[in-house]
Structure formats: structure tokens, C-alpha cells
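What follows is the content of model.pdb, which has PDB, C-alpha atoms:
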```pdb
ATOM      1  CA  MET A   1     -52.487  -8.845   9.047
ATOM      2  CA  MET A   2     -52.289 -11.792   6.643
ATOM      3  CA  VAL A   3     -48.876 -10.624   5.467
ATOM      4  CA  ILE A   4     -47.548 -10.483   9.017
ATOM      5  CA  ILE A   5     -48.789 -14.018   9.637
ATOM      6  CA  ALA A   6     -47.144 -15.121   6.372
ATOM      7  CA  ILE A   7     -43.777 -13.536   7.180
ATOM      8  CA  LEU A   8     -43.777 -14.925  10.729
ATOM      9  CA  ALA A   9     -44.725 -18.410   9.529
ATOM     10  CA  LEU A  10     -41.919 -18.299   6.975
ATOM     11  CA  ILE A  11     -39.243 -17.128   9.422
ATOM     12  CA  VAL A  12     -40.258 -19.582  12.150
ATOM     13  CA  GLY A  13     -40.425 -22.351   9.528
ATOM     14  CA  VAL A  14     -36.911 -21.630   8.232
ATOM     15  CA  LEU A  15     -35.546 -21.539  11.794
ATOM     16  CA  CYS A  16     -37.282 -24.813  12.677
ATOM     17  CA  GLY A  17     -35.930 -26.408   9.503
ATOM     18  CA  LEU A  18     -32.437 -25.135  10.245
ATOM     19  CA  PHE A  19     -32.061 -25.832  13.930
ATOM     20  CA  LEU A  20     -34.948 -27.736  15.437
ATOM     21  CA  PHE A  21     -36.487 -30.383  13.220
ATOM     22  CA  THR A  22     -34.822 -33.725  12.513
ATOM     23  CA  ASP A  23     -34.904 -35.249   9.025
ATOM     24  CA  ASN A  24     -37.834 -37.461   9.998
ATOM     25  CA  ILE A  25     -39.953 -34.486  11.016
ATOM     26  CA  VAL A  26     -38.960 -32.566   7.867
ATOM     27  CA  ILE A  27     -40.093 -35.490   5.677
ATOM     28  CA  MET A  28     -43.452 -35.448   7.487
ATOM     29  CA  PHE A  29     -43.969 -31.903   6.247
ATOM     30  CA  ASP A  30     -44.386 -33.190   2.691
ATOM     31  CA  SER A  31     -47.610 -34.913   3.728
ATOM     32  CA  ILE A  32     -48.584 -32.114   6.114
ATOM     33  CA  SER A  33     -48.375 -29.491   3.359
ATOM     34  CA  ASN A  34     -50.207 -31.766   0.920
ATOM     35  CA  ILE A  35     -53.077 -32.416   3.326
ATOM     36  CA  THR A  36     -53.206 -28.732   4.273
ATOM     37  CA  LEU A  37     -53.387 -27.806   0.603
ATOM     38  CA  TYR A  38     -56.296 -30.212   0.112
ATOM     39  CA  ILE A  39     -58.180 -28.775   3.079
ATOM     40  CA  LEU A  40     -57.460 -25.293   1.790
ATOM     41  CA  MET A  41     -58.763 -26.082  -1.685
ATOM     42  CA  LEU A  42     -61.907 -27.617  -0.259
ATOM     43  CA  SER A  43     -62.409 -24.467   1.793
ATOM     44  CA  VAL A  44     -61.747 -22.205  -1.217
ATOM     45  CA  GLY A  45     -64.201 -24.295  -3.241
ATOM     46  CA  ILE A  46     -66.844 -23.886  -0.552
ATOM     47  CA  ALA A  47     -66.328 -20.111  -0.570
ATOM     48  CA  VAL A  48     -66.629 -20.024  -4.364
ATOM     49  CA  GLY A  49     -69.713 -22.263  -4.393
ATOM     50  CA  GLY A  50     -71.338 -20.221  -1.621
ATOM     51  CA  ASN A  51     -71.165 -17.081  -3.706
ATOM     52  CA  LYS A  52     -74.189 -16.999  -5.975
ATOM     53  CA  LEU A  53     -72.886 -14.190  -8.167
ATOM     54  CA  ILE A  54     -69.954 -16.098  -9.596
ATOM     55  CA  LEU A  55     -71.678 -18.127 -12.288
ATOM     56  CA  LYS A  56     -73.413 -15.001 -13.486
ATOM     57  CA  LYS A  57     -70.123 -13.138 -13.521
ATOM     58  CA  MET A  58     -68.297 -15.902 -15.364
ATOM     59  CA  ARG A  59     -70.612 -15.555 -18.344
ATOM     60  CA  GLU A  60     -69.364 -12.012 -18.821
ATOM     61  CA  TYR A  61     -65.811 -13.198 -19.393
ATOM     62  CA  ASN A  62     -64.672 -14.833 -22.588
ATOM     63  CA  LEU A  63     -61.344 -15.641 -24.156
ATOM     64  CA  THR A  64     -59.960 -12.299 -23.039
ATOM     65  CA  VAL A  65     -58.998 -13.915 -19.730
ATOM     66  CA  LEU A  66     -56.253 -15.666 -21.711
ATOM     67  CA  PHE A  67     -54.428 -12.336 -21.739
ATOM     68  CA  ILE A  68     -53.470 -13.012 -18.138
ATOM     69  CA  PRO A  69     -51.374 -16.199 -18.626
ATOM     70  CA  PHE A  70     -50.050 -14.721 -21.873
ATOM     71  CA  GLY A  71     -48.870 -11.584 -20.053
ATOM     72  CA  ILE A  72     -47.372 -13.661 -17.232
ATOM     73  CA  ILE A  73     -45.365 -15.868 -19.588
ATOM     74  CA  VAL A  74     -44.127 -13.012 -21.793
ATOM     75  CA  GLY A  75     -43.305 -10.939 -18.700
ATOM     76  CA  SER A  76     -41.393 -13.809 -17.131
ATOM     77  CA  ILE A  77     -39.373 -14.426 -20.302
ATOM     78  CA  ILE A  78     -38.451 -10.746 -20.575
ATOM     79  CA  GLY A  79     -37.698 -10.715 -16.843
ATOM     80  CA  GLY A  80     -35.307 -13.612 -17.474
ATOM     81  CA  PHE A  81     -33.500 -11.681 -20.216
ATOM     82  CA  VAL A  82     -33.194  -8.568 -18.051
ATOM     83  CA  SER A  83     -31.909 -10.640 -15.120
ATOM     84  CA  ALA A  84     -29.142 -12.044 -17.337
ATOM     85  CA  PHE A  85     -27.711  -8.530 -17.675
ATOM     86  CA  ILE A  86     -27.973  -7.835 -13.949
ATOM     87  CA  LEU A  87     -26.426 -11.163 -12.907
ATOM     88  CA  ASN A  88     -23.972 -11.682 -15.758
ATOM     89  CA  MET A  89     -25.407 -15.131 -16.485
ATOM     90  CA  THR A  90     -26.316 -16.687 -19.848
ATOM     91  CA  PHE A  91     -29.764 -16.060 -21.355
ATOM     92  CA  ALA A  92     -30.312 -19.823 -21.550
ATOM     93  CA  ASP A  93     -29.887 -20.152 -17.772
ATOM     94  CA  THR A  94     -31.845 -17.099 -16.637
ATOM     95  CA  VAL A  95     -34.766 -17.447 -19.060
ATOM     96  CA  SER A  96     -35.230 -21.170 -18.366
ATOM     97  CA  ILE A  97     -35.173 -20.359 -14.625
ATOM     98  CA  SER A  98     -37.685 -17.509 -14.956
ATOM     99  CA  CYS A  99     -39.964 -19.760 -17.042
ATOM    100  CA  GLY A 100     -40.547 -21.867 -13.922
ATOM    101  CA  LEU A 101     -43.380 -19.368 -13.197
ATOM    102  CA  GLY A 102     -43.169 -20.202  -9.487
ATOM    103  CA  TRP A 103     -43.368 -23.987  -9.843
ATOM    104  CA  TYR A 104     -40.203 -24.574  -7.849
ATOM    105  CA  SER A 105     -40.198 -28.367  -7.525
ATOM    106  CA  LEU A 106     -40.499 -29.002 -11.251
ATOM    107  CA  SER A 107     -38.292 -26.163 -12.470
ATOM    108  CA  GLY A 108     -35.552 -27.148 -10.000
ATOM    109  CA  ILE A 109     -35.426 -30.641 -11.488
ATOM    110  CA  LEU A 110     -35.787 -29.574 -15.139
ATOM    111  CA  VAL A 111     -33.142 -26.851 -14.965
ATOM    112  CA  SER A 112     -30.732 -29.169 -13.090
ATOM    113  CA  ASP A 113     -30.964 -31.675 -15.915
ATOM    114  CA  LEU A 114     -30.471 -29.041 -18.585
ATOM    115  CA  ALA A 115     -28.016 -26.603 -17.073
ATOM    116  CA  GLY A 116     -26.379 -28.291 -14.082
ATOM    117  CA  ALA A 117     -26.824 -28.401 -10.325
ATOM    118  CA  GLN A 118     -25.950 -24.765  -9.600
ATOM    119  CA  ALA A 119     -28.516 -23.372 -12.057
ATOM    120  CA  GLY A 120     -30.987 -25.998 -10.830
ATOM    121  CA  THR A 121     -30.603 -24.813  -7.247
ATOM    122  CA  ILE A 122     -31.097 -21.209  -8.349
ATOM    123  CA  ALA A 123     -34.213 -22.334 -10.252
ATOM    124  CA  PHE A 124     -35.561 -24.035  -7.125
ATOM    125  CA  LEU A 125     -34.814 -21.086  -4.835
ATOM    126  CA  SER A 126     -35.920 -18.315  -7.191
ATOM    127  CA  ASN A 127     -39.215 -20.007  -7.981
ATOM    128  CA  LEU A 128     -39.819 -20.684  -4.294
ATOM    129  CA  PHE A 129     -39.043 -16.999  -3.695
ATOM    130  CA  ARG A 130     -41.526 -16.147  -6.434
ATOM    131  CA  GLU A 131     -44.236 -18.011  -4.542
ATOM    132  CA  ILE A 132     -43.282 -16.496  -1.187
ATOM    133  CA  ILE A 133     -42.936 -12.957  -2.592
ATOM    134  CA  SER A 134     -46.330 -13.350  -4.288
ATOM    135  CA  PHE A 135     -47.903 -14.016  -0.898
ATOM    136  CA  MET A 136     -46.335 -10.856   0.465
ATOM    137  CA  ILE A 137     -47.089  -8.473  -2.408
ATOM    138  CA  ILE A 138     -50.601  -9.573  -3.392
ATOM    139  CA  PRO A 139     -52.182  -7.022  -0.999
ATOM    140  CA  ILE A 140     -49.983  -4.254  -2.430
ATOM    141  CA  ILE A 141     -50.660  -5.235  -6.063
ATOM    142  CA  ALA A 142     -54.386  -5.322  -5.257
ATOM    143  CA  LYS A 143     -54.188  -1.729  -4.022
ATOM    144  CA  ILE A 144     -52.150  -0.163  -6.806
ATOM    145  CA  THR A 145     -53.224  -2.066  -9.932
ATOM    146  CA  ASN A 146     -56.441  -3.790 -11.062
ATOM    147  CA  GLU A 147     -57.772  -7.042  -9.628
ATOM    148  CA  TYR A 148     -56.684  -9.190 -12.581
ATOM    149  CA  THR A 149     -53.077  -8.139 -12.135
ATOM    150  CA  VAL A 150     -53.120  -9.641  -8.632
ATOM    151  CA  ILE A 151     -52.781 -13.017 -10.393
ATOM    152  CA  ALA A 152     -49.613 -11.960 -12.268
ATOM    153  CA  PRO A 153     -46.917 -12.493  -9.605
ATOM    154  CA  ALA A 154     -48.333 -15.888  -8.650
ATOM    155  CA  GLY A 155     -47.822 -17.420 -12.115
ATOM    156  CA  ALA A 156     -48.330 -21.176 -12.038
ATOM    157  CA  THR A 157     -49.118 -21.112  -8.307
ATOM    158  CA  SER A 158     -52.332 -19.118  -8.816
ATOM    159  CA  GLU A 159     -54.369 -22.356  -8.922
ATOM    160  CA  ASP A 160     -53.344 -23.598  -5.497
ATOM    161  CA  THR A 161     -51.050 -22.116  -2.878
ATOM    162  CA  THR A 162     -51.468 -18.413  -3.604
ATOM    163  CA  LEU A 163     -55.172 -18.764  -4.477
ATOM    164  CA  PRO A 164     -56.599 -17.955  -1.019
ATOM    165  CA  MET A 165     -54.489 -14.782  -0.878
ATOM    166  CA  ILE A 166     -55.809 -13.770  -4.306
ATOM    167  CA  MET A 167     -59.365 -14.471  -3.145
ATOM    168  CA  LYS A 168     -58.915 -12.483   0.046
ATOM    169  CA  TYR A 169     -57.794  -9.388  -1.806
ATOM    170  CA  THR A 170     -60.035  -9.551  -4.867
ATOM    171  CA  ARG A 171     -63.390 -11.289  -5.389
ATOM    172  CA  GLU A 172     -64.594 -14.856  -5.716
ATOM    173  CA  ASP A 173     -65.069 -14.643  -9.477
ATOM    174  CA  ILE A 174     -61.399 -13.695  -9.880
ATOM    175  CA  VAL A 175     -60.709 -17.031  -8.169
ATOM    176  CA  ILE A 176     -62.061 -18.917 -11.192
ATOM    177  CA  ILE A 177     -59.872 -16.895 -13.553
ATOM    178  CA  SER A 178     -56.977 -17.507 -11.197
ATOM    179  CA  VAL A 179     -57.528 -21.287 -11.295
ATOM    180  CA  ILE A 180     -57.738 -21.271 -15.102
ATOM    181  CA  ASN A 181     -54.572 -19.185 -15.239
ATOM    182  CA  GLY A 182     -52.718 -21.540 -12.883
ATOM    183  CA  MET A 183     -53.737 -24.594 -14.892
ATOM    184  CA  LEU A 184     -52.613 -23.027 -18.167
ATOM    185  CA  CYS A 185     -49.320 -21.781 -16.730
ATOM    186  CA  SER A 186     -48.668 -25.191 -15.123
ATOM    187  CA  ALA A 187     -49.341 -26.890 -18.436
ATOM    188  CA  VAL A 188     -46.856 -24.611 -20.199
ATOM    189  CA  VAL A 189     -43.930 -24.859 -17.728
ATOM    190  CA  PRO A 190     -42.744 -28.427 -18.589
ATOM    191  CA  PHE A 191     -42.519 -27.482 -22.275
ATOM    192  CA  ILE A 192     -41.258 -23.925 -22.165
ATOM    193  CA  ILE A 193     -38.249 -24.554 -19.890
ATOM    194  CA  PRO A 194     -36.460 -27.033 -22.212
ATOM    195  CA  MET A 195     -37.650 -25.102 -25.262
ATOM    196  CA  MET A 196     -36.181 -21.809 -24.047
ATOM    197  CA  TYR A 197     -32.974 -23.462 -22.872
ATOM    198  CA  ASN A 198     -32.342 -25.186 -26.207
ATOM    199  CA  LEU A 199     -33.315 -22.087 -28.157
ATOM    200  CA  LEU A 200     -30.969 -19.788 -26.266
ATOM    201  CA  LYS A 201     -27.949 -21.935 -25.446
TER     202      LYS A 201
ATOM    203  CA  MET B 202     -55.238 -32.396 -10.783
ATOM    204  CA  THR B 203     -56.252 -33.785  -7.380
ATOM    205  CA  VAL B 204     -56.334 -30.204  -6.148
ATOM    206  CA  ILE B 205     -58.797 -29.161  -8.848
ATOM    207  CA  ILE B 206     -61.080 -32.148  -8.151
ATOM    208  CA  ILE B 207     -61.098 -31.337  -4.433
ATOM    209  CA  MET B 208     -61.940 -27.727  -5.231
ATOM    210  CA  VAL B 209     -64.848 -28.789  -7.446
ATOM    211  CA  ILE B 210     -66.150 -30.959  -4.585
ATOM    212  CA  GLY B 211     -65.854 -27.864  -2.377
ATOM    213  CA  ILE B 212     -67.803 -25.773  -4.891
ATOM    214  CA  ILE B 213     -70.617 -28.349  -4.882
ATOM    215  CA  ILE B 214     -70.657 -28.400  -1.074
ATOM    216  CA  GLY B 215     -70.703 -24.589  -1.063
ATOM    217  CA  LEU B 216     -73.547 -24.478  -3.568
ATOM    218  CA  LYS B 217     -75.735 -27.147  -2.018
ATOM    219  CA  ILE B 218     -75.249 -27.720   1.668
ATOM    220  CA  PHE B 219     -72.826 -25.322   3.332
ATOM    221  CA  PRO B 220     -74.664 -23.104   5.825
ATOM    222  CA  GLU B 221     -74.299 -19.354   5.303
ATOM    223  CA  LYS B 222     -73.429 -18.694   8.943
ATOM    224  CA  TRP B 223     -70.262 -20.814   8.757
ATOM    225  CA  HIS B 224     -68.662 -18.748   6.011
ATOM    226  CA  LYS B 225     -66.735 -16.598   8.454
ATOM    227  CA  LYS B 226     -65.324 -19.753  10.079
ATOM    228  CA  ASN B 227     -64.446 -21.037   6.622
ATOM    229  CA  GLN B 228     -62.400 -17.873   6.026
ATOM    230  CA  HIS B 229     -60.536 -18.353   9.295
ATOM    231  CA  LEU B 230     -59.757 -21.924   8.271
ATOM    232  CA  GLN B 231     -58.113 -20.557   5.122
ATOM    233  CA  VAL B 232     -55.866 -18.249   7.113
ATOM    234  CA  VAL B 233     -54.739 -21.166   9.305
ATOM    235  CA  CYS B 234     -54.087 -23.343   6.233
ATOM    236  CA  VAL B 235     -52.071 -20.623   4.497
ATOM    237  CA  ALA B 236     -49.971 -20.144   7.640
ATOM    238  CA  ILE B 237     -49.260 -23.893   7.817
ATOM    239  CA  LEU B 238     -48.372 -23.979   4.101
ATOM    240  CA  ILE B 239     -45.922 -21.098   4.386
ATOM    241  CA  PHE B 240     -44.473 -22.603   7.554
ATOM    242  CA  SER B 241     -43.927 -25.874   5.617
ATOM    243  CA  MET B 242     -42.208 -23.966   2.828
ATOM    244  CA  GLY B 243     -39.926 -22.390   5.412
ATOM    245  CA  VAL B 244     -39.158 -25.798   6.918
ATOM    246  CA  LYS B 245     -38.338 -27.229   3.479
ATOM    247  CA  LEU B 246     -36.103 -24.261   2.743
ATOM    248  CA  GLY B 247     -34.305 -24.232   6.118
ATOM    249  CA  SER B 248     -33.737 -27.987   6.151
ATOM    250  CA  ARG B 249     -31.836 -28.064   2.842
ATOM    251  CA  ASP B 250     -28.367 -29.519   3.548
ATOM    252  CA  ASN B 251     -26.372 -26.434   2.654
ATOM    253  CA  PHE B 252     -29.097 -23.851   3.174
ATOM    254  CA  LEU B 253     -26.910 -21.161   4.777
ATOM    255  CA  LYS B 254     -24.097 -21.672   2.268
ATOM    256  CA  GLU B 255     -26.601 -21.693  -0.625
ATOM    257  CA  ILE B 256     -28.299 -18.556   0.587
ATOM    258  CA  SER B 257     -25.027 -16.661   0.932
ATOM    259  CA  GLU B 258     -23.777 -17.787  -2.493
ATOM    260  CA  ILE B 259     -26.838 -17.797  -4.713
ATOM    261  CA  GLY B 260     -29.500 -16.195  -2.521
ATOM    262  CA  LEU B 261     -29.178 -12.799  -4.153
ATOM    263  CA  SER B 262     -29.181 -14.210  -7.715
ATOM    264  CA  SER B 263     -32.255 -16.278  -6.871
ATOM    265  CA  LEU B 264     -33.985 -13.271  -5.368
ATOM    266  CA  ILE B 265     -33.306 -11.157  -8.469
ATOM    267  CA  LEU B 266     -34.548 -14.017 -10.674
ATOM    268  CA  ALA B 267     -37.746 -13.975  -8.658
ATOM    269  CA  ILE B 268     -38.312 -10.219  -8.431
ATOM    270  CA  VAL B 269     -37.523  -9.176 -12.029
ATOM    271  CA  PRO B 270     -39.831 -11.767 -13.707
ATOM    272  CA  ILE B 271     -42.568 -10.878 -11.180
ATOM    273  CA  LEU B 272     -42.151  -7.205 -12.025
ATOM    274  CA  PHE B 273     -42.419  -7.743 -15.771
ATOM    275  CA  SER B 274     -45.326 -10.184 -15.396
ATOM    276  CA  VAL B 275     -47.191  -7.563 -13.378
ATOM    277  CA  ILE B 276     -46.450  -4.821 -15.917
ATOM    278  CA  PHE B 277     -47.562  -6.914 -18.898
ATOM    279  CA  VAL B 278     -50.708  -8.279 -17.272
ATOM    280  CA  TYR B 279     -51.607  -4.802 -16.033
ATOM    281  CA  ILE B 280     -51.270  -3.244 -19.484
ATOM    282  CA  LEU B 281     -53.173  -6.075 -21.203
ATOM    283  CA  THR B 282     -56.024  -6.247 -18.681
ATOM    284  CA  GLU B 283     -56.421  -2.465 -18.483
ATOM    285  CA  LYS B 284     -56.751  -2.422 -22.248
ATOM    286  CA  TYR B 285     -58.840  -5.519 -22.920
ATOM    287  CA  LEU B 286     -60.683  -6.636 -19.803
ATOM    288  CA  LYS B 287     -63.651  -4.869 -18.381
ATOM    289  CA  LYS B 288     -62.881  -3.170 -15.127
ATOM    290  CA  THR B 289     -65.096  -3.341 -12.115
ATOM    291  CA  ASP B 290     -65.043  -0.901  -9.283
ATOM    292  CA  VAL B 291     -65.627  -3.363  -6.478
ATOM    293  CA  LYS B 292     -62.690  -3.121  -4.153
ATOM    294  CA  LYS B 293     -62.289  -5.411  -1.231
ATOM    295  CA  HIS B 294     -60.221  -4.483   1.705
ATOM    296  CA  GLU B 295     -58.530  -6.775   4.119
ATOM    297  CA  GLY B 296     -60.925  -8.683   6.351
ATOM    298  CA  GLU B 297     -64.040  -7.520   4.570
ATOM    299  CA  ILE B 298     -66.610 -10.057   3.465
ATOM    300  CA  GLU B 299     -68.570  -9.582   0.331
ATOM    301  CA  GLU B 300     -72.268  -9.181   0.872
TER     302      GLU B 300
END
```

Would you encode the structure as C-alpha cells?
Amino acid sequence: MMVIIAILALIVGVLCGLFLFTDNIVIMFDSISNITLYILMLSVGIAVGGNKLILKKMREYNLTVLFIPFGIIVGSIIGGFVSAFILNMTFADTVSISCGLGWYSLSGILVSDLAGAQAGTIAFLSNLFREIISFMIIPIIAKITNEYTVIAPAGATSEDTTLPMIMKYTREDIVIISVINGMLCSAVVPFIIPMMYNLLK
Amino acid sequence: MTVIIIMVIGIIIGLKIFPEKWHKKNQHLQVVCVAILIFSMGVKLGSRDNFLKEISEIGLSSLILAIVPILFSVIFVYILTEKYLKKTDVKKHEGEIEE
């Protein structure tokens, strides 16, 4: 159900952006999505706070939750290398793009500066796709793997936009891990993109 | 950062004052918000100056650079968490609320 809503919202949004909305309306969507995100986070917070089991649960976890961002970053780097073979692009380009971890606005800018406009546009689109695809596949990942792995596709977005999807298909205590993961991934992205590019070029 | 602060405020509200009976409504609110967010993403994407040209030229490359890193992230996190993190058998299905 949620996935159908997501796909419909995406398609209608793209069509509106293409054919219907003027530039002025499109600019308004920056504030609309910001405000919506704030409302959403307040609502997610309320759901987390309303669940009395979470604090108890959190004590059971320790540093092992760090395996999740570690796995995401290593997986994304290797995914970048593999993509270079598929797409016949340089490692420097593909790995720096895949290290965006879904943070499309930042990685678009960073990769543009490092590798040019074309690679920057790919970085923007592919990381936006990462976020959108995460929305779509979270229910499937939740079914076929374990509940921690649900965080993996979301990467740096697991602390905000994809968080309610993760909560819906796992449990509220996974939400806390998801927020920690998103913060760590987001902290890493600004460093790892230039690092990987300079290392591999 | 703002997002995290707002979430913490939400947690406090949820802990202290939010009535139990409104939790279902709170869930519905999340669905509406997610739909608006994805719609906004679509608008941003569709309104890019050369969107159709971009999509036809680099759409496939971008898609592959999304899917392959996702795939490997999932594989690595799955292996690591299966090995090192305690598993729980609580499974939630779509639409279900935890008791």
C-alpha cells in the first residue's frame, strides 16, 4: 500500500514538475518539503517516545550497531567499483558518486566540483534514485533479510526521509539505530567523496 | 541537525503528553508526509531544465550507480548483522501496530 502511494506520488510529481508547475511553484517546494520533513520528524519522534520498550531495548545494543554504517560504506564503495566495469567509467568517478550514500544535494555539488558537470549530474540523479529506490524496496528487504539490513539501502537518508518507511516495516527501536546510522553516514559523506576521488584518479 | 532536534522534541512529547489513542492518527500523518516528500522529489526531478534529455542520456548510468551500491550495501550489512547482532523474531507486517 505504502509503496503504491510512493510510486504514484513520484510519477505525479515528475509530471507536475515537467508540464504543470511554473518555476515559482517549483521553488516553493523547497520550503514545502522542508516543513513536511519537520512535521514528519516530530511525528516519528512522538511514535518513538510513545513506545515504552525502546529505552529498555537500546541498552541491549552496544558498539555492534556500528557494523551497519560500516557495511553500508564498504558496500557502496565496492558497488562503485563494480559499476565502473558495467558502465565503462573511471573508478574515481563511479566510487565518488556511489559514496554519496543517497545524499543527492551534497554529492551532486561535490562531484561536480571534482569531476565535472556530467559526473555531477549523474551523482545527483543516482543518489536521488538511491533514496527513491530505498522507499520502494524497504518492504521487500524487510521480508527477505533481517530488520537491521532494512537500513542498508537508505544510507545517509536513514535519519530523515526514509526513516518512517524503516519504522513502518521494522520496530521503533530500529528507528534509533537508523538515526545513528544516518548521522554517521552523513558525517562521512563530505570527507569520503573527495578522498576517494583523489585516491583513485 | 534541525531535524534531529525536532525529533528529540517529538520523543519528549511522545513520552510525556501524547495520548495513546492518537497514535493511529499519528501513523496516518506519517503516510501523508511521506507522500508529500516523494511528490516534492518528483517535482524537483521533473522540473530540472533538461530532465528528459538528462534521463535519456545518463538515466541508465545513474540507475545502475544507485542499484549496484544498494545491492552491495545490503549484502554487507546483512552478513555483518547476521553474524554480530542479536536477532529478534518480532516481525511487523504492513499496517500492523505494535502492542

Practice prompt. Would you list the residues near (-28.2, -23.2, -22.2), meaning any protein, DNA or RNA residue with an atom at most 10 Å from that point in file coordinates, counting all atoms listed in the file, as a PyMOL selection string?
Written response: chain A and resi 90-96+111+114-116+194+196-201

With 6 Å as the cut-off and all atoms listed in the file counted, what is the closest atom pair between each nearby residue of chain B and chain A? Distances in Å to one decimal, ordered by chain and number, as CSV.
```
residue,atom,partner,partner_atom,distance
B:Ile207,CA,A:Leu42,CA,5.6
B:Met208,CA,A:Gly45,CA,4.6
B:Gly211,CA,A:Gly45,CA,4.0
B:Ile212,CA,A:Gly49,CA,4.0
B:Ile214,CA,A:Ile46,CA,5.9
B:Gly215,CA,A:Ile46,CA,4.0
B:Leu216,CA,A:Gly49,CA,4.5
B:Gln231,CA,A:Leu40,CA,5.8
B:Cys234,CA,A:Thr36,CA,5.8
B:Ala236,CA,A:Ala9,CA,5.8
B:Leu238,CA,A:Ser33,CA,5.6
B:Ile239,CA,A:Leu10,CA,5.5
B:Phe240,CA,A:Gly13,CA,4.5
B:Gly243,CA,A:Gly13,CA,4.1
B:Val244,CA,A:Gly17,CA,4.2
B:Gly247,CA,A:Val14,CA,4.2
B:Ser248,CA,A:Gly17,CA,4.3
B:Ser263,CA,A:Ser126,CA,4.2
B:Leu264,CA,A:Ser126,CA,5.7
B:Leu266,CA,A:Ser126,CA,5.7
B:Ala267,CA,A:Arg130,CA,4.9
B:Val269,CA,A:Gly79,CA,5.1
B:Pro270,CA,A:Gly79,CA,3.9
B:Ile271,CA,A:Pro153,CA,4.9
B:Phe273,CA,A:Gly75,CA,4.4
B:Ser274,CA,A:Gly75,CA,3.9
B:Val275,CA,A:Ala152,CA,5.1
B:Phe277,CA,A:Gly71,CA,5.0
B:Val278,CA,A:Gly71,CA,4.7
B:Tyr279,CA,A:Thr149,CA,5.3
B:Lys293,CA,A:Thr170,CA,6.0
```

Box for stretch 263-271 of chain B: with edges along x, y and z, all listed atoms inside and 3 Å added on each side, what are the centre and edge lengths in Å to one decimal, as lines of an AutoDock Vina configuration file?
```
center_x = -37.4
center_y = -12.7
center_z = -9.5
size_x = 16.3
size_y = 13.1
size_z = 14.3
```

Practice prompt. Work out how far atom CA of A:Ile177 is from atom CA of B:Val204, in Å to one decimal.
Written response: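 It comes out at 15.6 Å.
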
Discussion item. Can you measure atom CA of A:Thr157 to atom CA of A:Ser186 for me? One decimal in Å is fine.
Written reply: 8.0 Å

Worksheet entry | Distance of atom CA of A:Ala156 from atom CA of A:Trp103, expressed in Å to one decimal place | 6.1 Å

Discussion item. Neighbouring residues of A:Ser178 were defined as those with any atom within 7 Å, considering all atoms listed in the file; residues of the same chain fewer than 2 positions away were excluded. Please report them as a PyMOL selection string.
Written reply: chain A and resi 151+158-159+174-176+180-182

Discussion item. Using only C-alpha atoms for the distances, tell me which of A:Met195, A:Ile137, A:Ile4, A:Ala117 is nearest to B:Leu272.
Written reply: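 Ranked by minimum distance to B:Leu272, first place goes to A:Ile137.
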